[in-house]
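Coordinates from upload.txt are shown below (compact mmCIF, C-alpha atoms).
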```
# COMPACT_ATOMS: atom_id res chain seq x y z
CA MET L 1 9.09 25.66 -12.43
CA PHE L 2 10.47 24.90 -8.97
CA HIS L 3 7.26 23.03 -8.22
CA LEU L 4 7.70 20.91 -11.35
CA ILE L 5 11.30 20.09 -10.43
CA LEU L 6 10.26 19.00 -6.92
CA PHE L 7 7.38 16.94 -8.34
CA LEU L 8 9.66 15.19 -10.81
CA PHE L 9 12.34 14.56 -8.17
CA PHE L 10 10.00 12.88 -5.69
CA GLY L 11 8.06 11.17 -8.48
CA ALA L 12 11.29 9.65 -9.75
CA ILE L 13 12.04 8.36 -6.24
CA CYS L 14 8.53 6.85 -6.11
CA VAL L 15 8.84 5.08 -9.45
CA ALA L 16 12.40 3.90 -8.75
CA GLY L 17 11.32 2.47 -5.39
CA ALA L 18 8.30 0.74 -6.93
CA ILE L 19 10.45 -0.83 -9.66
CA ASN L 20 13.06 -1.83 -7.07
CA LEU L 21 10.28 -3.57 -5.14
CA LEU L 22 9.58 -5.68 -8.21
CA VAL L 23 13.21 -6.43 -9.02
CA GLN L 24 14.52 -7.40 -5.59
CA SER L 25 14.22 -11.06 -4.68
CA HIS L 26 14.61 -10.72 -0.92
CA PRO L 27 11.42 -9.48 0.81
CA ILE L 28 13.29 -7.25 3.25
CA ASN L 29 14.80 -5.27 0.36
CA SER L 30 11.32 -4.93 -1.14
CA ALA L 31 9.97 -3.67 2.20
CA LEU L 32 12.72 -1.05 2.54
CA SER L 33 12.12 0.22 -1.00
CA LEU L 34 8.40 0.41 -0.23
CA ILE L 35 9.24 2.64 2.75
CA ALA L 36 11.18 4.91 0.36
CA VAL L 37 8.12 5.04 -1.94
CA MET L 38 5.89 6.04 0.97
CA ALA L 39 8.26 8.75 2.20
CA ALA L 40 8.46 10.23 -1.30
CA LEU L 41 4.66 10.06 -1.57
CA ALA L 42 4.41 12.04 1.68
CA ALA L 43 6.52 14.74 0.00
CA GLU L 44 4.11 14.70 -2.97
CA TYR L 45 1.20 15.21 -0.57
CA LEU L 46 3.04 18.19 0.92
CA LEU L 47 3.42 19.65 -2.56
CA LEU L 48 -0.35 19.33 -2.98
CA GLY L 49 -0.87 21.13 0.34
CA ALA L 50 -2.19 18.13 2.26
CA GLU L 51 -0.01 18.61 5.34
CA PHE L 52 -1.98 16.39 7.70
CA VAL L 53 -2.24 13.58 5.18
CA ALA L 54 1.52 13.74 4.67
CA ALA L 55 2.16 13.50 8.42
CA VAL L 56 -0.25 10.58 8.76
CA GLN L 57 1.33 8.89 5.75
CA VAL L 58 4.73 8.96 7.44
CA ILE L 59 3.44 8.02 10.90
CA VAL L 60 0.89 5.33 10.00
CA TYR L 61 2.11 3.90 6.70
CA ALA L 62 5.89 4.22 6.81
CA GLY L 63 5.92 3.95 10.59
CA ALA L 64 3.34 1.47 11.78
CA ILE L 65 2.31 -0.69 8.83
CA MET L 66 5.78 -1.15 7.35
CA VAL L 67 7.26 -1.94 10.76
CA LEU L 68 4.60 -4.64 11.05
CA PHE L 69 5.77 -6.00 7.70
CA LEU L 70 9.43 -5.91 8.73
CA ILE L 71 8.68 -7.65 12.03
CA THR L 72 6.82 -10.40 10.18
CA ILE L 73 9.65 -10.86 7.69
CA MET L 74 12.16 -11.13 10.52
CA LEU L 75 9.89 -13.37 12.60
CA LEU L 76 9.44 -15.85 9.76
CA ASN L 77 13.10 -15.53 8.74
CA ALA L 78 11.97 -15.12 5.14
CA GLY L 79 14.78 -15.88 2.75
CA ALA L 80 15.27 -15.00 -0.89
CA GLU L 81 12.37 -15.82 -3.16
CA GLU L 82 12.48 -19.23 -4.80
CA ARG L 83 11.82 -19.09 -8.51
CA THR L 84 9.02 -21.43 -9.41
CA LYS L 85 7.11 -21.51 -12.62
CA GLY L 86 3.96 -20.12 -11.12
CA SER L 87 0.92 -19.44 -13.17
CA ARG L 88 1.92 -19.18 -16.81
CA VAL L 89 -1.47 -17.75 -17.75
CA ALA L 90 -1.11 -14.88 -15.28
CA ILE L 91 2.24 -13.87 -16.75
CA LEU L 92 1.45 -14.51 -20.43
CA LEU L 93 -1.90 -12.72 -20.42
CA GLY L 94 -1.55 -10.47 -17.38
CA VAL L 95 1.70 -8.65 -18.09
CA PRO L 96 0.92 -7.63 -21.70
CA GLY L 97 -2.60 -6.67 -20.62
CA VAL L 98 -1.25 -4.47 -17.85
CA VAL L 99 1.28 -2.84 -20.19
CA ILE L 100 -1.35 -2.14 -22.88
CA GLY L 101 -3.74 -0.74 -20.28
CA THR L 102 -1.04 1.53 -18.90
CA VAL L 103 -0.12 2.90 -22.29
CA LEU L 104 -3.79 3.58 -23.09
CA VAL L 105 -4.41 5.34 -19.78
CA ALA L 106 -1.20 7.38 -20.07
CA TRP L 107 -2.03 8.40 -23.63
CA THR L 108 -5.54 9.44 -22.60
CA LEU L 109 -4.28 11.40 -19.61
CA LEU L 110 -1.60 13.25 -21.53
CA ASN L 111 -3.47 13.97 -24.77
CA ARG L 112 -7.17 13.96 -24.14
CA SER L 113 -7.58 15.49 -20.68
CA ASN L 114 -7.79 19.22 -20.27
CA MET L 115 -4.48 20.11 -18.68
CA HIS L 116 -5.66 21.96 -15.60
CA SER L 117 -2.69 22.87 -13.47
CA VAL L 118 -2.52 22.41 -9.73
CA PRO L 119 -0.58 25.18 -7.97
CA ILE L 120 1.77 24.39 -5.11
CA GLY L 121 -0.11 23.94 -1.84
CA ALA L 122 -3.38 24.06 -3.77
CA LEU L 123 -5.71 23.00 -0.97
CA LYS L 124 -4.59 23.55 2.60
CA GLY L 125 -5.52 20.40 4.49
CA ASP L 126 -4.74 21.62 7.99
CA PRO L 127 -5.84 19.45 10.94
CA LYS L 128 -8.58 21.87 12.04
CA ASP L 129 -10.57 21.69 8.80
CA ILE L 130 -10.03 17.96 8.43
CA ALA L 131 -11.18 17.34 12.00
CA ARG L 132 -14.29 19.43 11.40
CA LEU L 133 -15.12 17.32 8.35
CA LEU L 134 -14.21 14.02 10.00
CA PHE L 135 -16.22 14.58 13.17
CA HIS L 136 -19.26 16.23 11.56
CA ASP L 137 -19.93 15.00 8.04
CA PHE L 138 -18.13 11.69 8.29
CA LEU L 139 -18.93 10.84 11.89
CA LEU L 140 -20.76 7.59 11.14
CA PRO L 141 -18.03 6.16 8.85
CA PHE L 142 -15.47 7.20 11.47
CA GLU L 143 -17.27 5.21 14.17
CA VAL L 144 -17.69 2.25 11.84
CA THR L 145 -13.95 2.19 11.14
CA SER L 146 -13.28 1.99 14.87
CA VAL L 147 -15.41 -1.17 14.98
CA LEU L 148 -13.51 -2.46 11.93
CA ILE L 149 -10.16 -1.89 13.68
CA LEU L 150 -11.41 -3.67 16.80
CA ILE L 151 -12.54 -6.69 14.78
CA ALA L 152 -9.23 -6.71 12.88
CA ILE L 153 -7.25 -6.69 16.16
CA MET L 154 -9.26 -9.60 17.55
CA GLY L 155 -8.96 -11.50 14.27
CA ALA L 156 -5.20 -10.98 14.18
CA VAL L 157 -4.84 -12.26 17.75
CA VAL L 158 -6.97 -15.33 17.04
CA LEU L 159 -5.20 -16.13 13.76
CA ALA L 160 -1.64 -15.60 14.93
CA SER L 161 -1.94 -17.41 18.27
CA ARG L 162 -0.83 -21.02 18.33
CA PRO L 163 -3.44 -23.77 18.15
CA ARG L 164 -4.39 -24.82 21.68
CA ALA L 165 -3.15 -28.40 21.29
CA VAL L 166 0.31 -27.24 20.23
CA ALA L 167 0.53 -24.65 22.99
CA SER L 168 -0.46 -27.12 25.74
CA GLY L 169 1.97 -29.66 24.31
CA LEU L 170 4.76 -27.11 24.55
CA ARG L 171 3.80 -26.36 28.13
CA LYS L 172 4.02 -30.05 29.01
CA ASP L 173 7.45 -30.23 27.38
CA ALA L 174 8.58 -27.32 29.51
CA GLU L 175 7.42 -29.03 32.65
CA MET A 1 2.25 24.67 -11.59
CA VAL A 2 2.08 20.97 -12.32
CA PRO A 3 -0.73 19.65 -14.52
CA LEU A 4 -3.20 17.39 -12.74
CA SER A 5 -2.58 14.69 -15.32
CA TYR A 6 1.04 14.31 -14.14
CA TYR A 7 -0.17 13.42 -10.65
CA LEU A 8 -2.68 10.97 -12.09
CA LEU A 9 0.04 9.46 -14.28
CA LEU A 10 2.30 8.96 -11.27
CA SER A 11 -0.52 7.33 -9.34
CA GLY A 12 -1.28 5.12 -12.33
CA ILE A 13 2.37 4.04 -12.60
CA LEU A 14 2.43 3.14 -8.89
CA PHE A 15 -0.81 1.17 -9.26
CA VAL A 16 0.54 -0.71 -12.28
CA CYS A 17 3.76 -1.58 -10.45
CA GLY A 18 1.56 -3.03 -7.69
CA VAL A 19 -0.46 -5.09 -10.19
CA LEU A 20 2.72 -6.39 -11.84
CA GLY A 21 4.19 -7.35 -8.48
CA PHE A 22 0.96 -9.13 -7.63
CA LEU A 23 1.21 -11.15 -10.85
CA ILE A 24 4.95 -11.84 -10.96
CA LYS A 25 6.01 -12.27 -7.35
CA ARG A 26 5.88 -15.69 -5.68
CA ASN A 27 6.61 -14.63 -2.11
CA ILE A 28 3.39 -14.10 -0.16
CA ILE A 29 4.78 -11.14 1.82
CA THR A 30 5.95 -9.37 -1.34
CA ILE A 31 2.53 -9.92 -2.91
CA PHE A 32 1.02 -8.29 0.16
CA MET A 33 3.38 -5.33 -0.19
CA SER A 34 2.28 -4.96 -3.82
CA ILE A 35 -1.29 -4.52 -2.57
CA GLU A 36 -0.09 -1.75 -0.25
CA LEU A 37 1.61 -0.12 -3.23
CA MET A 38 -1.68 -0.16 -5.16
CA LEU A 39 -3.49 1.46 -2.21
CA ASN A 40 -0.81 4.17 -2.09
CA GLY A 41 -1.24 4.91 -5.77
CA VAL A 42 -4.97 5.35 -5.30
CA ASN A 43 -4.38 7.64 -2.30
CA LEU A 44 -2.27 9.95 -4.45
CA SER A 45 -5.06 10.32 -6.98
CA PHE A 46 -7.51 11.04 -4.13
CA VAL A 47 -5.33 13.88 -2.84
CA ALA A 48 -4.68 15.23 -6.35
CA PHE A 49 -8.41 15.34 -7.14
CA ALA A 50 -9.11 16.94 -3.75
CA ALA A 51 -6.69 19.73 -4.66
CA HIS A 52 -8.19 20.03 -8.13
CA TRP A 53 -11.83 20.29 -7.06
CA HIS A 54 -11.11 22.17 -3.81
CA ALA A 55 -13.00 19.52 -1.86
CA LEU A 56 -11.41 18.52 1.42
CA SER A 57 -13.46 15.32 1.64
CA GLY A 58 -11.00 13.74 -0.80
CA GLN A 59 -8.34 13.99 1.89
CA VAL A 60 -10.68 12.53 4.50
CA PHE A 61 -11.19 9.50 2.29
CA VAL A 62 -7.43 8.94 2.32
CA PHE A 63 -7.70 8.39 6.07
CA PHE A 64 -10.38 5.78 5.58
CA VAL A 65 -8.20 4.02 3.01
CA MET A 66 -5.32 4.08 5.49
CA VAL A 67 -7.50 2.63 8.25
CA VAL A 68 -8.66 -0.19 6.00
CA ALA A 69 -5.06 -0.80 4.92
CA ALA A 70 -3.94 -1.01 8.55
CA ALA A 71 -6.71 -3.48 9.42
CA GLU A 72 -5.93 -5.49 6.31
CA ALA A 73 -2.20 -5.56 7.13
CA ALA A 74 -2.85 -6.79 10.68
CA VAL A 75 -5.20 -9.59 9.60
CA GLY A 76 -3.20 -10.50 6.50
CA LEU A 77 0.10 -10.78 8.33
CA ALA A 78 -1.58 -12.93 10.98
CA ILE A 79 -2.83 -15.20 8.19
CA ILE A 80 0.68 -15.32 6.72
CA ILE A 81 2.07 -16.36 10.12
CA ALA A 82 -0.60 -19.08 10.42
CA VAL A 83 0.16 -20.34 6.89
CA TYR A 84 3.89 -20.42 7.58
CA ARG A 85 3.35 -22.33 10.80
CA THR A 86 1.52 -25.16 9.05
CA ARG A 87 3.18 -25.13 5.61
CA GLU A 88 6.71 -24.02 6.51
CA THR A 89 6.89 -22.05 3.28
CA LEU A 90 6.08 -18.56 1.99
CA ASN A 91 5.85 -19.57 -1.66
CA VAL A 92 2.29 -19.15 -2.87
CA ASP A 93 2.64 -22.04 -5.33
CA GLN A 94 3.03 -24.46 -2.46
CA VAL A 95 0.01 -23.19 -0.57
CA ASN A 96 -2.74 -25.18 -2.22
CA LEU A 97 -5.19 -25.86 0.59
CA LEU A 98 -7.43 -23.46 2.46
CA LYS A 99 -7.31 -25.80 5.42
CA LEU A 100 -4.71 -24.91 8.02
```
Would you mind writing the structure in this file as structure tokens?
Amino acid sequence: MFHLILFLFFGAICVAGAINLLVQSHPINSALSLIAVMAALAAEYLLLGAEFVAAVQVIVYAGAIMVLFLITIMLLNAGAEERTKGSRVAILLGVPGVVIGTVLVAWTLLNRSNMHSVPIGALKGDPKDIARLLFHDFLLPFEVTSVLILIAIMGAVVLASRPRAVASGLRKDAE
Amino acid sequence: MVPLSYYLLLSGILFVCGVLGFLIKRNIITIFMSIELMLNGVNLSFVAFAAHWHALSGQVFVFFVMVVAAAEAAVGLAIIIAVYRTRETLNVDQVNLLKL
């Protein structure tokens, strides 16, 4: 019972934050509500027993990635969203399609699936076991992701740096 | 004891909110945040299924998703900065050329 109350509490925070992300027009408000969603999701992971995943969720997602988003929003001085017409087709066909799909999936999940229950802290994901899995069974994917991160860092530096002509022009202006 | 389907429903709702934001929003940064929301929804279903099947590899896959999300955020935000520098706008309707 207590487990269900905790699940519903943090789930409500998640859904409220996600809806707030859609409703807000200023990107910084959306980013802050997304941080709330991620913190509440970390609590959900704790309820499932995935302690390490919850810690990494807070540190990497809510900490690193969202700070990157906030820095970009502040750097570009992003103002409130301008309302333009946009793609009519996406809204006219996409939104009803998404709603119908959601209702179908929800109905299937609630009525047709066998309602196995997950007890609180069902599967202890402590760092020791996860490290054993990550550095034995998943060693090759782990190494490949390090290459991916390296390439992403170099790509970000190349993309975000100023074009050489502009930079040298600025230097001449300074002189 | 919470049924597994409740966790899956929550993850589905988060995913759908991400899809709706992707369709409705016009600000490129908010669209990017909607993608992060979708990834988070999928992560929750990974962890829920890991608990259900007693297989820890489900939690390991969450780390891989996070790594890919971090790489994607770094590159994507760099692209957004490059687009803003040339176009002076963040509205996706006004970004109509791939050329920088």
Which chain L residues are at most 6 Å from chain A (counting all atoms listed in the file), as a CSV table (one decimal) with C-alpha atoms, in the frame of the given file?
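Everything below was put into selection25.csv:
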```
chain,number,residue,atom,x,y,z
L,4,LEU,CA,7.7,20.9,-11.4
L,22,LEU,CA,9.6,-5.7,-8.2
L,27,PRO,CA,11.4,-9.5,0.8
L,81,GLU,CA,12.4,-15.8,-3.2
L,109,LEU,CA,-4.3,11.4,-19.6
L,115,MET,CA,-4.5,20.1,-18.7
L,116,HIS,CA,-5.7,22.0,-15.6
L,117,SER,CA,-2.7,22.9,-13.5
L,118,VAL,CA,-2.5,22.4,-9.7
L,119,PRO,CA,-0.6,25.2,-8.0
L,122,ALA,CA,-3.4,24.1,-3.8
L,123,LEU,CA,-5.7,23.0,-1.0
L,149,ILE,CA,-10.2,-1.9,13.7
L,152,ALA,CA,-9.2,-6.7,12.9
L,156,ALA,CA,-5.2,-11.0,14.2
L,159,LEU,CA,-5.2,-16.1,13.8
L,160,ALA,CA,-1.6,-15.6,14.9
```
Could you check how far atom CA of L:Ile13 sits from atom CA of L:Arg112, in Å to one decimal?
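Computing the Euclidean distance for atom CA of L:Ile13 and atom CA of L:Arg112 yields 26.8 Å.
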Best match for closeness to L:Val56 among L:Ala36, L:Asp126, L:Leu133, L:Gly101, counting only C-alpha atoms:
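When distances to L:Val56 are compared using only C-alpha atoms, the smallest one comes from L:Asp126.
The interatomic distance for the pair atom CA of L:Val67 and atom CA of L:Leu32 works out to 9.9 Å.
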For L:Ile35, please output as a PDB file with C-alpha atoms, keeping the file's coordinate frame all residues within 9 Å (counting all atoms listed in the file; exclusion window: fewer than 2 positions along the same chain).
```
ATOM      1  CA  GLY L  17      11.320   2.470  -5.390  1.00  0.00           C
ATOM      2  CA  SER L  30      11.320  -4.930  -1.140  1.00  0.00           C
ATOM      3  CA  ALA L  31       9.970  -3.670   2.200  1.00  0.00           C
ATOM      4  CA  LEU L  32      12.720  -1.050   2.540  1.00  0.00           C
ATOM      5  CA  SER L  33      12.120   0.220  -1.000  1.00  0.00           C
ATOM      6  CA  VAL L  37       8.120   5.040  -1.940  1.00  0.00           C
ATOM      7  CA  MET L  38       5.890   6.040   0.970  1.00  0.00           C
ATOM      8  CA  ALA L  39       8.260   8.750   2.200  1.00  0.00           C
ATOM      9  CA  ALA L  40       8.460  10.230  -1.300  1.00  0.00           C
ATOM     10  CA  TYR L  61       2.110   3.900   6.700  1.00  0.00           C
ATOM     11  CA  ALA L  62       5.890   4.220   6.810  1.00  0.00           C
ATOM     12  CA  GLY L  63       5.920   3.950  10.590  1.00  0.00           C
ATOM     13  CA  MET L  66       5.780  -1.150   7.350  1.00  0.00           C
TER      14      MET L  66
END
```
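Here atom CA of L:Asp137 and atom CA of L:Glu51 stand 20.4 Å from one another.
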